>>> print(open('target.cif').read())   # mmCIF, C-alpha atoms
data_input
loop_
_atom_site.label_atom_id
_atom_site.label_comp_id
_atom_site.auth_asym_id
_atom_site.auth_seq_id
_atom_site.Cartn_x
_atom_site.Cartn_y
_atom_site.Cartn_z
CA MET A 1 35.44 25.33 3.51
CA GLY A 2 32.25 26.20 5.43
CA LEU A 3 30.32 23.87 7.72
CA ILE A 4 27.67 22.95 5.14
CA ASP A 5 30.26 22.11 2.49
CA LYS A 6 32.10 19.99 5.04
CA LEU A 7 28.97 18.08 6.04
CA LEU A 8 27.92 17.46 2.44
CA GLY A 9 31.29 17.13 0.76
CA CYS A 10 30.07 19.68 -1.78
CA PRO A 11 28.20 23.00 -1.87
CA LEU A 12 24.49 22.98 -0.98
CA LEU A 13 23.76 24.08 -4.55
CA GLU A 14 25.07 20.79 -5.90
CA ILE A 15 22.95 18.32 -3.95
CA THR A 16 19.85 16.82 -5.55
CA ARG A 17 18.26 15.28 -2.45
CA SER A 18 18.00 16.11 1.25
CA TYR A 19 20.39 14.90 3.99
CA TRP A 20 20.28 15.00 7.78
CA ALA A 21 23.29 15.98 9.86
CA ALA A 22 23.78 15.93 13.62
CA LYS A 23 26.20 17.50 16.09
CA LEU A 24 27.04 15.34 19.11
CA ASN A 25 27.89 16.51 22.61
CA THR A 26 31.51 15.56 21.87
CA GLY A 27 31.62 18.28 19.23
CA GLU A 28 31.75 15.69 16.45
CA TRP A 29 29.49 16.09 13.39
CA VAL A 30 27.78 13.14 11.71
CA SER A 31 26.23 13.55 8.27
CA GLU A 32 24.11 11.24 6.13
CA ALA A 33 25.91 12.60 3.07
CA ARG A 34 29.19 11.05 4.18
CA PHE A 35 30.31 7.44 3.81
CA VAL A 36 31.60 4.87 6.27
CA HIS A 37 33.13 1.43 5.79
CA ASP A 38 30.81 -1.13 7.37
CA TRP A 39 33.09 -3.96 8.56
CA ARG A 40 30.09 -6.12 9.48
CA LYS A 41 28.65 -5.96 5.98
CA GLY A 42 31.98 -5.59 4.23
CA GLU A 43 30.90 -2.59 2.24
CA LYS A 44 31.19 1.16 1.97
CA ARG A 45 27.85 2.80 2.70
CA ARG A 46 26.30 6.08 3.63
CA ILE A 47 25.99 6.98 7.31
CA ASP A 48 22.70 5.47 8.46
CA TRP A 49 20.36 6.72 11.21
CA MET A 50 19.52 3.27 12.54
CA ASP A 51 23.00 1.74 12.32
CA ASP A 52 25.14 4.74 13.21
CA ILE A 53 22.93 6.90 15.44
CA VAL A 54 20.32 4.69 17.15
CA ALA A 55 22.30 1.46 17.47
CA THR A 56 25.36 3.25 18.83
CA GLY A 57 23.42 5.29 21.37
CA ASP A 58 24.51 8.52 19.69
CA CYS A 59 20.81 9.44 19.48
CA LYS A 60 21.15 10.48 23.14
CA ARG A 61 24.24 12.58 22.44
CA ILE A 62 22.78 14.86 19.76
CA THR A 63 22.87 18.57 20.53
CA GLU A 64 21.87 19.89 17.10
CA LEU A 65 19.91 18.22 14.28
CA TRP A 66 20.05 19.71 10.79
CA LEU A 67 18.21 19.14 7.52
CA LEU A 68 20.12 20.11 4.38
CA CYS A 69 17.79 20.60 1.41
CA PRO A 70 18.57 20.87 -2.30
CA PRO A 71 17.77 23.89 -4.47
CA SER A 72 14.09 24.04 -5.36
CA GLY A 73 11.61 26.22 -7.13
CA THR A 74 10.73 27.96 -3.91
CA SER A 75 14.33 28.21 -2.71
CA PRO A 76 16.81 28.29 -5.62
CA MET A 77 19.82 28.40 -3.27
CA GLY A 78 18.71 25.40 -1.22
CA ASN A 79 17.64 25.38 2.43
CA THR A 80 19.04 24.46 5.80
CA ALA A 81 17.01 23.85 8.95
CA ARG A 82 18.41 23.52 12.48
CA LEU A 83 16.82 22.10 15.62
CA PRO A 84 18.69 22.63 18.92
CA ILE A 85 18.36 19.49 21.07
CA THR A 86 18.53 19.91 24.84
CA ARG A 87 16.89 16.70 26.09
CA PRO A 88 18.73 13.45 25.22
CA GLY A 89 16.62 11.05 23.17
CA SER A 90 14.28 13.69 21.78
CA ALA A 91 15.76 14.06 18.26
CA PHE A 92 14.54 12.00 15.30
CA GLN A 93 14.53 11.86 11.53
CA PHE A 94 12.70 9.72 9.00
CA LYS A 95 11.57 9.65 5.39
CA VAL A 96 8.19 8.92 3.80
CA ALA A 97 7.94 7.09 0.48
CA THR A 98 5.32 5.66 -1.83
CA HIS A 99 5.67 2.62 -4.02
CA ASP A 100 3.30 2.39 -6.99
CA THR A 101 2.97 -0.94 -8.73
CA ALA A 102 1.70 -1.04 -12.27
CA GLY A 103 -1.51 -2.11 -10.66
CA ILE A 104 -3.45 -3.14 -13.46
CA GLY A 105 -1.97 -1.21 -16.27
CA GLY A 106 -0.40 1.95 -14.91
CA PRO A 107 3.22 3.02 -14.61
CA GLY A 108 5.10 1.87 -11.51
CA ARG A 109 7.21 4.30 -9.52
CA ARG A 110 8.90 4.76 -6.14
CA THR A 111 8.78 8.31 -4.84
CA GLN A 112 10.28 9.93 -1.78
CA GLN A 113 7.42 12.01 -0.45
CA ALA A 114 9.12 13.72 2.48
CA HIS A 115 12.19 13.89 4.70
CA ILE A 116 11.53 14.98 8.27
CA ILE A 117 13.69 16.02 11.21
CA GLY A 118 12.03 16.55 14.55
CA ARG A 119 12.33 17.14 18.28
CA VAL A 120 9.92 15.70 20.85
CA GLU A 121 8.87 18.45 23.25
CA ASN A 122 7.15 16.56 26.09
CA ALA A 123 6.15 13.18 27.47
CA ASP A 124 2.91 13.27 25.46
CA GLY A 125 4.93 13.07 22.23
CA ASP A 126 4.20 16.54 20.88
CA CYS A 127 6.95 17.43 18.44
CA THR A 128 8.41 20.24 16.39
CA CYS A 129 9.55 19.37 12.86
CA PHE A 130 11.03 20.58 9.62
CA ILE A 131 9.77 18.78 6.51
CA TRP A 132 11.51 18.69 3.15
CA ASP A 133 8.67 18.00 0.72
CA PRO A 134 9.89 17.24 -2.82
CA ILE A 135 6.30 17.10 -4.10
CA GLN A 136 5.52 20.61 -2.86
CA ASP A 137 9.09 21.50 -3.84
CA GLY A 138 9.99 23.23 -0.62
CA LEU A 139 10.79 23.18 3.09
CA LEU A 140 7.90 23.26 5.57
CA THR A 141 8.61 24.69 9.01
CA PRO A 142 6.95 24.69 12.42
CA GLU A 143 5.25 27.91 11.30
CA SER A 144 3.95 26.63 7.94
CA LYS A 145 0.15 26.64 7.84
CA ILE A 146 -1.70 23.88 6.03
CA TYR A 147 -4.04 25.02 3.27
CA ASP A 148 -7.05 23.10 2.01
CA THR A 149 -6.39 22.75 -1.70
CA GLN A 150 -10.10 22.84 -2.55
CA THR A 151 -11.24 25.78 -0.44
CA GLY A 152 -7.97 27.67 -0.02
CA HIS A 153 -8.71 27.99 3.70
CA ILE A 154 -6.15 27.10 6.34
CA ARG A 155 -6.73 23.87 8.24
CA VAL A 156 -7.84 24.40 11.84
CA ASP A 157 -8.35 22.16 14.86
CA VAL A 158 -11.61 21.65 16.76
CA GLU A 159 -11.00 24.86 18.67
CA GLY A 160 -10.47 26.85 15.49
CA ALA A 161 -6.71 27.27 15.93
CA ALA A 162 -4.48 26.96 12.87
CA ILE A 163 -2.71 23.63 12.35
CA PHE A 164 0.94 23.87 11.38
CA ALA A 165 2.78 21.36 9.19
CA GLY A 166 5.74 21.15 11.57
CA LYS A 167 3.73 20.80 14.77
CA THR A 168 2.40 17.30 15.37
CA ASN A 169 2.84 14.25 17.63
CA VAL A 170 5.03 11.16 17.30
CA ASN A 171 2.13 8.96 18.48
CA ARG A 172 -0.18 10.16 15.68
CA PHE A 173 1.97 11.91 13.10
CA HIS A 174 -0.30 13.89 10.79
CA SER A 175 -0.46 14.54 7.06
CA TRP A 176 -0.03 18.04 5.67
CA ARG A 177 -1.41 17.46 2.16
CA PRO A 178 -4.23 15.33 0.66
CA SER A 179 -1.91 13.15 -1.44
CA LEU A 180 -0.31 11.76 1.72
CA ALA A 181 -2.08 9.52 4.23
CA PRO A 182 -1.66 10.39 7.93
CA ILE A 183 1.58 8.70 8.98
CA GLY A 184 0.32 7.61 12.42
CA GLN A 185 2.27 6.09 15.29
CA LEU A 186 6.05 6.14 14.85
CA ALA A 187 8.22 3.26 16.12
CA LEU A 188 9.99 5.34 18.77
CA ASP A 189 12.65 2.74 19.57
CA ARG A 190 13.68 2.57 15.90
CA ILE A 191 14.01 6.33 15.50
CA GLY A 192 15.87 6.73 18.80
CA VAL A 193 13.22 8.60 20.77
CA THR A 194 12.59 8.20 24.49
CA LEU A 195 9.49 9.94 25.82
CA MET B 1 20.23 1.33 3.31
CA ALA B 2 17.27 2.07 5.55
CA ASP B 3 14.84 1.98 2.62
CA PHE B 4 13.77 -1.33 1.12
CA GLY B 5 16.05 -2.29 -1.74
CA THR B 6 13.14 -3.81 -3.63
CA ILE B 7 9.39 -4.07 -3.27
CA THR B 8 7.80 -6.27 -5.91
CA THR B 9 4.50 -8.04 -6.43
CA ASP B 10 4.30 -11.84 -6.59
CA TYR B 11 1.32 -13.73 -7.95
CA ASN B 12 0.13 -17.30 -7.64
CA LYS B 13 0.29 -19.36 -10.82
CA GLY B 14 -0.53 -22.58 -8.96
CA THR B 15 -3.57 -23.41 -6.89
CA ASP B 16 -4.84 -22.05 -3.60
CA ALA B 17 -3.93 -25.30 -1.85
CA SER B 18 -0.54 -25.61 -3.57
CA PRO B 19 0.56 -22.09 -4.48
CA ASP B 20 3.34 -21.46 -6.99
CA TRP B 21 4.91 -18.03 -6.64
CA THR B 22 7.79 -18.65 -9.05
CA GLY B 23 6.48 -16.48 -11.88
CA ALA B 24 8.72 -13.48 -12.62
CA THR B 25 7.90 -11.04 -9.85
CA ILE B 26 6.47 -7.75 -11.06
CA ALA B 27 8.98 -5.00 -10.41
CA LEU B 28 8.72 -1.27 -10.80
CA SER B 29 8.57 0.18 -14.26
CA GLY B 30 5.35 -0.53 -16.10
CA THR B 31 6.66 0.98 -19.31
CA SER B 32 6.01 -0.35 -22.79
CA GLY B 33 3.79 -3.11 -21.52
CA ALA B 34 6.38 -4.63 -19.17
CA ASN B 35 5.99 -5.16 -15.44
CA GLU B 36 2.27 -4.64 -15.27
CA PHE B 37 -0.85 -6.45 -14.22
CA ARG B 38 -3.66 -6.53 -16.77
CA MET B 39 -7.36 -7.04 -16.12
CA ALA B 40 -9.44 -9.20 -18.45
CA LEU B 41 -12.68 -11.07 -18.78
CA SER B 42 -12.65 -14.84 -19.18
CA THR B 43 -14.66 -14.32 -22.35
CA GLY B 44 -11.93 -12.11 -23.82
CA SER B 45 -9.46 -12.98 -26.59
CA GLN B 46 -6.32 -12.29 -24.55
CA THR B 47 -3.45 -14.77 -24.32
CA THR B 48 -0.21 -14.82 -22.34
CA SER B 49 1.60 -13.26 -25.31
CA THR B 50 -0.87 -10.53 -26.25
CA PRO B 51 0.99 -7.19 -26.32
CA SER B 52 -0.33 -4.37 -24.19
CA ALA B 53 -1.46 -2.30 -27.18
CA SER B 54 -3.62 -5.18 -28.43
CA TRP B 55 -5.07 -6.13 -25.05
CA PRO B 56 -8.84 -6.67 -25.53
CA TYR B 57 -11.37 -4.24 -24.12
CA MET B 58 -13.70 -5.43 -21.37
CA ALA B 59 -17.35 -4.92 -22.15
CA LEU B 60 -19.35 -3.05 -19.52
CA PRO B 61 -22.59 -4.71 -18.40
CA ALA B 62 -25.86 -3.41 -19.84
CA SER B 63 -27.04 -2.81 -16.29
CA GLY B 64 -25.80 -3.32 -12.76
CA THR B 65 -22.33 -4.72 -12.23
CA THR B 66 -20.17 -7.61 -13.34
CA ILE B 67 -16.85 -8.82 -12.04
CA VAL B 68 -13.42 -8.70 -13.65
CA ASP B 69 -12.69 -12.41 -13.44
CA ASN B 70 -9.19 -12.70 -14.94
CA LEU B 71 -5.87 -11.11 -14.05
CA TYR B 72 -2.54 -11.47 -15.83
CA ALA B 73 0.99 -10.52 -14.80
CA PHE B 74 3.28 -9.38 -17.62
CA SER B 75 7.02 -9.18 -16.94
CA THR B 76 7.62 -8.08 -20.54
CA ASN B 77 5.18 -6.73 -23.10
CA THR B 78 4.52 -10.18 -24.54
CA SER B 79 5.45 -12.51 -21.65
CA GLY B 80 2.55 -12.96 -19.31
CA ILE B 81 1.28 -15.48 -16.81
CA LYS B 82 -2.30 -15.80 -15.71
CA VAL B 83 -2.83 -15.24 -11.99
CA ALA B 84 -4.42 -18.62 -11.55
CA THR B 85 -6.20 -18.02 -8.27
CA TYR B 86 -7.67 -14.63 -9.16
CA ASP B 87 -11.28 -15.17 -10.15
CA GLY B 88 -13.01 -12.07 -8.81
CA THR B 89 -14.44 -13.85 -5.77
CA ASN B 90 -13.47 -14.23 -2.13
CA GLY B 91 -13.05 -17.97 -2.56
CA LYS B 92 -9.25 -18.13 -2.63
CA ALA B 93 -6.68 -16.74 -0.19
CA ARG B 94 -3.30 -17.16 -1.90
CA VAL B 95 -3.60 -14.78 -4.89
CA LEU B 96 -1.16 -11.84 -4.63
CA ARG B 97 1.56 -10.75 -2.23
CA LYS B 98 3.88 -7.80 -1.83
CA ASN B 99 7.49 -8.95 -1.60
CA PHE B 100 9.72 -6.77 0.60
CA SER B 101 13.50 -7.16 0.62
CA SER B 102 15.43 -7.56 3.88
CA ASN B 103 17.12 -4.18 4.10
CA GLY B 104 14.24 -1.90 5.09
CA ASN B 105 13.74 -0.23 8.45
CA PRO B 106 10.02 0.69 8.54
CA ILE B 107 9.07 3.05 11.36
CA SER B 108 5.32 3.33 10.82
CA ALA B 109 2.54 0.99 9.74
CA MET B 110 2.11 0.62 5.99
CA GLN B 111 -0.86 2.14 4.20
CA VAL B 112 -2.20 0.79 0.94
CA SER B 113 -4.77 1.85 -1.65
CA PHE B 114 -5.35 2.45 -5.37
CA PHE B 115 -5.02 5.70 -7.34
CA ALA B 116 -5.41 6.83 -10.92
CA ASP B 117 -1.67 7.51 -11.18
CA SER B 118 1.42 8.46 -9.20
CA ASN B 119 0.12 11.96 -8.50
CA HIS B 120 -1.96 10.35 -5.74
CA THR B 121 -4.89 12.69 -6.23
CA ASN B 122 -7.72 11.34 -4.12
CA PRO B 123 -10.68 9.98 -6.10
CA SER B 124 -13.87 11.96 -6.51
CA GLY B 125 -16.42 9.39 -5.42
CA GLY B 126 -19.09 8.65 -8.01
CA THR B 127 -17.82 11.12 -10.64
CA GLN B 128 -18.02 9.77 -14.19
CA PRO B 129 -16.28 10.58 -16.41
CA PRO B 130 -13.32 11.13 -14.12
CA THR B 131 -11.29 14.32 -14.41
CA THR B 132 -7.51 14.67 -14.54
CA HIS B 133 -5.58 12.33 -12.20
CA ASN B 134 -8.81 10.49 -11.32
CA ASP B 135 -10.01 7.29 -12.90
CA THR B 136 -13.09 5.24 -13.59
CA PHE B 137 -12.46 2.48 -11.06
CA THR B 138 -11.38 4.35 -7.95
CA ASN B 139 -14.07 7.03 -8.45
CA GLY B 140 -16.75 4.35 -8.75
CA THR B 141 -20.24 5.33 -9.82
CA SER B 142 -22.92 7.21 -7.91
CA GLY B 143 -25.41 4.43 -8.65
CA GLU B 144 -24.01 0.90 -8.86
CA THR B 145 -21.12 1.31 -6.39
CA SER B 146 -22.71 4.03 -4.20
CA SER B 147 -19.70 6.27 -4.93
CA LYS B 148 -17.33 3.69 -3.48
CA SER B 149 -14.30 2.48 -5.42
CA ALA B 150 -14.99 -0.46 -7.73
CA ILE B 151 -11.80 -2.07 -6.40
CA LYS B 152 -12.21 -4.00 -3.16
CA GLY B 153 -9.20 -5.19 -1.21
CA ASN B 154 -8.34 -7.40 1.70
CA PHE B 155 -4.90 -7.68 3.35
CA TYR B 156 -3.64 -10.31 5.79
CA GLY B 157 -2.18 -8.92 9.02
CA SER B 158 0.89 -6.76 8.50
CA GLY B 159 2.75 -9.36 6.49
CA LEU B 160 5.41 -9.41 9.20
CA THR B 161 4.75 -8.72 12.87
CA ALA B 162 6.83 -6.33 14.96
CA GLY B 163 8.41 -9.45 16.46
CA GLY B 164 9.42 -10.83 13.09
CA VAL B 165 6.77 -13.49 12.49
CA GLN B 166 5.73 -13.93 8.84
CA GLU B 167 1.92 -13.89 8.55
CA THR B 168 0.75 -16.31 5.86
CA PRO B 169 -2.91 -17.14 5.23
CA SER B 170 -4.24 -20.66 4.85
CA ALA B 171 -6.04 -21.61 1.67
CA GLY B 172 -9.76 -20.97 1.57
CA SER B 173 -12.25 -18.13 1.52
CA VAL B 174 -11.40 -14.58 2.53
CA GLY B 175 -13.79 -12.76 4.84
CA THR B 176 -17.34 -11.84 3.94
CA SER B 177 -17.87 -11.66 0.19
CA PRO B 178 -18.08 -7.96 -0.71
CA SER B 179 -20.60 -6.32 -3.02
CA ALA B 180 -20.02 -3.44 -5.42
CA THR B 181 -21.04 -0.99 -2.68
CA THR B 182 -18.79 -2.38 0.06
CA GLY B 183 -16.46 0.12 1.70
CA THR B 184 -15.82 2.17 4.83
CA SER B 185 -14.95 5.85 4.78
CA GLY B 186 -11.42 6.49 5.98
CA ALA B 187 -8.87 3.90 7.04
CA VAL B 188 -9.53 0.33 8.14
CA THR B 189 -6.78 -1.34 10.15
CA THR B 190 -5.95 -4.98 9.43
CA THR B 191 -6.28 -7.75 12.00
CA ALA B 192 -3.13 -9.47 13.29
CA GLY B 193 -2.77 -12.94 11.81
CA ASN B 194 -6.08 -12.71 9.98
CA TRP B 195 -7.90 -11.05 7.12
CA LEU B 196 -9.45 -7.60 7.46
CA ASN B 197 -12.01 -7.18 10.24
CA ALA B 198 -11.14 -10.65 11.63
CA ALA B 199 -12.18 -12.30 8.37
CA GLY B 200 -15.20 -9.98 8.09
CA ALA B 201 -15.91 -7.10 5.71
CA TRP B 202 -13.56 -5.99 2.92
CA GLN B 203 -12.56 -2.40 2.19
CA ASP B 204 -12.87 -0.35 -0.98
CA MET B 205 -9.63 1.10 -2.29
CA ALA B 206 -10.28 4.80 -2.98
CA GLY B 207 -6.98 6.64 -2.61
CA TRP B 208 -6.56 8.09 0.86
CA ASN B 209 -10.33 8.53 1.13
CA ASP B 210 -10.88 4.82 1.84
CA TYR B 211 -7.83 2.65 2.42
CA ILE B 212 -6.14 -0.04 4.53
CA ILE B 213 -3.47 0.29 7.26
CA GLY B 214 -1.35 -2.55 8.59
CA VAL B 215 -2.01 -3.38 12.24
CA ALA B 216 1.69 -3.47 13.20
CA ILE B 217 5.01 -2.01 12.11
CA PRO B 218 6.96 -4.87 10.51
CA GLN B 219 10.26 -5.84 12.08
CA ALA B 220 13.28 -4.07 10.59
CA SER B 221 15.93 -5.75 8.41
CA THR B 222 13.73 -8.74 7.60
CA ALA B 223 12.39 -9.89 4.23
CA PHE B 224 8.67 -10.62 4.18
CA PHE B 225 5.52 -11.09 2.14
CA TRP B 226 2.25 -9.20 2.64
CA TYR B 227 -0.61 -11.28 1.24
CA TYR B 228 -3.68 -9.66 -0.30
CA VAL B 229 -6.69 -10.33 -2.46
CA LEU B 230 -8.65 -8.07 -4.81
CA ILE B 231 -12.11 -8.08 -6.35
CA ILE B 232 -12.69 -5.61 -9.18
CA TYR B 233 -16.11 -4.61 -10.47
CA LEU B 234 -17.33 -3.27 -13.80
CA ALA B 235 -20.44 -1.09 -13.62
CA ALA B 236 -22.90 -0.15 -16.37
CA SER B 237 -22.48 3.60 -15.87
CA MET B 238 -18.69 3.57 -15.88
CA THR B 239 -17.20 5.62 -18.68
CA THR B 240 -14.72 4.19 -21.12
CA GLN B 241 -11.27 5.72 -21.33
CA ALA B 242 -9.12 6.24 -24.40
CA GLY B 243 -5.98 4.13 -24.16
CA GLY B 244 -7.57 1.83 -21.63
CA TRP B 245 -7.76 2.00 -17.87
CA THR B 246 -4.46 2.61 -16.12
CA ILE B 247 -4.37 2.64 -12.36
CA VAL B 248 -1.71 2.05 -9.72
CA ASP B 249 -1.74 0.36 -6.37
CA THR B 250 0.18 2.38 -3.83
CA ILE B 251 1.96 1.53 -0.61
CA GLN B 252 2.92 4.44 1.61
CA TYR B 253 5.58 3.72 4.23
CA SER B 254 8.10 5.53 6.41
CA TYR B 255 11.67 4.54 7.17
CA ALA B 256 14.62 5.83 9.15
#
>>> encode(input="target.cif", output="structure tokens")
Amino acid sequence: MGLIDKLLGCPLLEITRSYWAAKLNTGEWVSEARFVHDWRKGEKRRIDWMDDIVATGDCKRITELWLLCPPSGTSPMGNTARLPITRPGSAFQFKVATHDTAGIGGPGRRTQQAHIIGRVENADGDCTCFIWDPIQDGLLTPESKIYDTQTGHIRVDVEGAAIFAGKTNVNRFHSWRPSLAPIGQLALDRIGVTL
Amino acid sequence: MADFGTITTDYNKGTDASPDWTGATIALSGTSGANEFRMALSTGSQTTSTPSASWPYMALPASGTTIVDNLYAFSTNTSGIKVATYDGTNGKARVLRKNFSSNGNPISAMQVSFFADSNHTNPSGGTQPPTTHNDTFTNGTSGETSSKSAIKGNFYGSGLTAGGVQETPSAGSVGTSPSATTGTSGAVTTTAGNWLNAAGAWQDMAGWNDYIIGVAIPQASTAFFWYYVLIIYLAASMTTQAGGWTIVDTIQYSYA
């Protein structure tokens, strides 16, 4: 059985959502796809970033952070992304969701908009990320340019340099498509980041 | 789970001074007339058992704007309760609230607005008739609403502070009464322990063009309510829509 199968408990081709996985400096692997018995809650649950990585201090022992993505239209075999982590407390992951209420007549729905793994690069909070985007049906990387859907042009900063989906800042996390609001300041203590 | 187990919408069936939130909370779904809010005019023929397919149309004004002055919450197609404190004015504070379960771990401030549907295509301000994935209300009209959304919103604090304090408004008026043209381009951040702009101007709800952001990131693993009020306008140059108007209110949030 290969590493990915071991982390997921099944082949990458069989998953229908994304999962994070982390390698610790002890050599141990921790994967969101696996289950743990929570003695405090008296239940079996999936490995959780806040409970099992941040609360335990393992966020400072991560040496590799992975994102395991399901098959998609742009990648029929699925995707994996890997971020090497050299500075303790620089790795993070989170998900973005929307909740639509039948606000005055429409259909309600909860949608996962994105799953992000990232690494903070400096004390200013600049970060490098991989983004699984189920709406765009693919994995965005630190090299993915952002295109304006109306003009077809790439998005640029004030100096005219291209803006990349996977290059942003944890103090003002950006949006990479119009149907998503800029995410803004992240709660660094809750995602396990120390600047 | 790091995501919220449930996020529902409560409504007040009592009075502003003595609110009663015990009506069946509106959950996700919105299919076949169930779990939806319905707009109406007080002059309409609707009742609390009118099925969705028979819900009466609202007449547009001959000129200018009028206000949608009734709102109903339907937990099933024919089981509704009138939102007693919704009257299309800023006179009452305890009208609607988002109800978050205790198992979420939010890691960014919540953003809220209205869209035509769950595609979350941003409105095209002032465009009537609206095109695909846009709608009459959030587009607004180029004349009466100055291309701002016809839906105005006001939210109270963040619902729950980062330190875990529930923010609950007192009864009474909410900020400065908006007009059909009220709205600020981009995001407006709420005020801690108060209504928007420290009980000042409201915001129009136009997708991620014009929207509201909570001032703080609510404490993790804590149930809370986020109180809000709406005023919805009808404008003479709005276009009618086959099958009625169907829009969604959207909360965007992040969790770890």
>>> residues_around(input="target.cif", residues="stretch 118-120 of chain A", least_positions_apart="6", cutoff="12 Å", atoms="only C-alpha atoms", output="PyMOL selection string")
chain A and resi 20+22+59+62-67+81-95+126-132+140-142+165-171+173+186+188+191-195
>>> residues_near_point(input="target.cif", point="(-20.0, 0.6, -13.0)", cutoff="6 Å", atoms="only C-alpha atoms", output="list in words")
Thr65, Thr141, Glu144, Leu234, Ala235, Ala236, Ser237 and Met238 of chain B
>>> write_last_selection(input="target.cif", atoms="C-alpha atoms", output="PDB file, in the coordinates of the input")
ATOM      1  CA  THR B  65     -22.330  -4.720 -12.230  1.00  0.00           C
ATOM      2  CA  THR B 141     -20.240   5.330  -9.820  1.00  0.00           C
ATOM      3  CA  GLU B 144     -24.010   0.900  -8.860  1.00  0.00           C
ATOM      4  CA  LEU B 234     -17.330  -3.270 -13.800  1.00  0.00           C
ATOM      5  CA  ALA B 235     -20.440  -1.090 -13.620  1.00  0.00           C
ATOM      6  CA  ALA B 236     -22.900  -0.150 -16.370  1.00  0.00           C
ATOM      7  CA  SER B 237     -22.480   3.600 -15.870  1.00  0.00           C
ATOM      8  CA  MET B 238     -18.690   3.570 -15.880  1.00  0.00           C
TER       9      MET B 238
END
>>> atom_distance(input="target.cif", atom1="atom CA of B:Ile251", atom2="atom CA of A:Ile116")
18.7 Å
>>> resolve_selection(input="target.cif", expression="the PyMOL selection byres ((chain B) within 6 of (chain A))", output="list in words")
Leu28, Ser29, Gly30, Glu36, Phe37, Arg38, Ile107, Ser108, His120, Thr121, Trp208, Thr246, Ile247, Val248, Asp249, Thr250, Ile251, Gln252, Tyr253, Ser254, Tyr255 and Ala256 of chain B
>>> resolve_selection(input="target.cif", expression="the PyMOL selection byres ((chain B and resi 223) around 6)", output="JSON, numbers by chain")
{"B": [100, 101, 102, 222, 224]}
>>> closest_residue(input="target.cif", among="B:Ser149, B:Asn139, B:Asn70, B:Thr6", to="B:Thr85", atoms="all atoms listed in the file")
B:Asn70
>>> atom_distance(input="target.cif", atom1="atom CA of B:Ser177", atom2="atom CA of B:Asn154")
10.5 Å
>>> atom_distance(input="target.cif", atom1="atom CA of B:Tyr57", atom2="atom CA of B:Thr31")
19.4 Å
>>> resolve_selection(input="target.cif", expression="the PyMOL selection byres ((chain B and resi 17-21) around 9)", output="NGL selection string")
:B and (10-16 or 22-25 or 85 or 92 or 94-96 or 170-172)
>>> closest_residue(input="target.cif", among="B:Gly80, B:Pro129, B:Gly44, B:Gly200", to="B:Val174", atoms="all atoms listed in the file")
B:Gly200
>>> closest_atom_pairs(input="target.cif", of="stretch 36-137 of chain B", to="stretch 209-219 of chain B", cutoff="8 Å", atoms="only C-alpha atoms", output="JSON lines")
{"residue": "B:Asn105", "atom": "CA", "partner": "B:Gln219", "partner_atom": "CA", "distance": 7.5}
{"residue": "B:Pro106", "atom": "CA", "partner": "B:Pro218", "partner_atom": "CA", "distance": 6.6}
{"residue": "B:Ile107", "atom": "CA", "partner": "B:Ile217", "partner_atom": "CA", "distance": 6.5}
{"residue": "B:Ser108", "atom": "CA", "partner": "B:Ile217", "partner_atom": "CA", "distance": 5.5}
{"residue": "B:Ala109", "atom": "CA", "partner": "B:Ile217", "partner_atom": "CA", "distance": 4.6}
{"residue": "B:Met110", "atom": "CA", "partner": "B:Gly214", "partner_atom": "CA", "distance": 5.4}
{"residue": "B:Gln111", "atom": "CA", "partner": "B:Ile213", "partner_atom": "CA", "distance": 4.4}
{"residue": "B:Val112", "atom": "CA", "partner": "B:Ile212", "partner_atom": "CA", "distance": 5.4}
{"residue": "B:Ser113", "atom": "CA", "partner": "B:Tyr211", "partner_atom": "CA", "distance": 5.2}
{"residue": "B:Asn122", "atom": "CA", "partner": "B:Asn209", "partner_atom": "CA", "distance": 6.5}
{"residue": "B:Pro123", "atom": "CA", "partner": "B:Asn209", "partner_atom": "CA", "distance": 7.4}
>>> closest_residue(input="target.cif", among="B:Thr138, B:Asn90, B:Thr132, B:Thr161", to="B:Ser179", atoms="all atoms listed in the file")
B:Asn90
>>> residues_around(input="target.cif", residues="B:Gly104", least_positions_apart="6", cutoff="8 Å", atoms="all atoms listed in the file", output="count of residues only")
9
>>> closest_residue(input="target.cif", among="B:His133, B:Lys152, B:Arg97, B:Lys82", to="B:Leu196", atoms="all atoms listed in the file")
B:Lys152
>>> closest_residue(input="target.cif", among="A:Asp124, A:Glu143, A:Gly152, A:Leu24", to="A:Phe164", atoms="only C-alpha atoms")
A:Glu143
>>> axis_aligned_box(input="target.cif", around="stretch 25-43 of chain A", padding_each_side="8 Å", output="JSON")
{"center_x": 28.6, "center_y": 6.1, "center_z": 12.4, "size_x": 25.0, "size_y": 40.4, "size_z": 36.4}
>>> residues_around(input="target.cif", residues="B:Ser49", least_positions_apart="4", cutoff="9 Å", atoms="all atoms listed in the file", output="number ranges by chain")
B: 74, 77-81
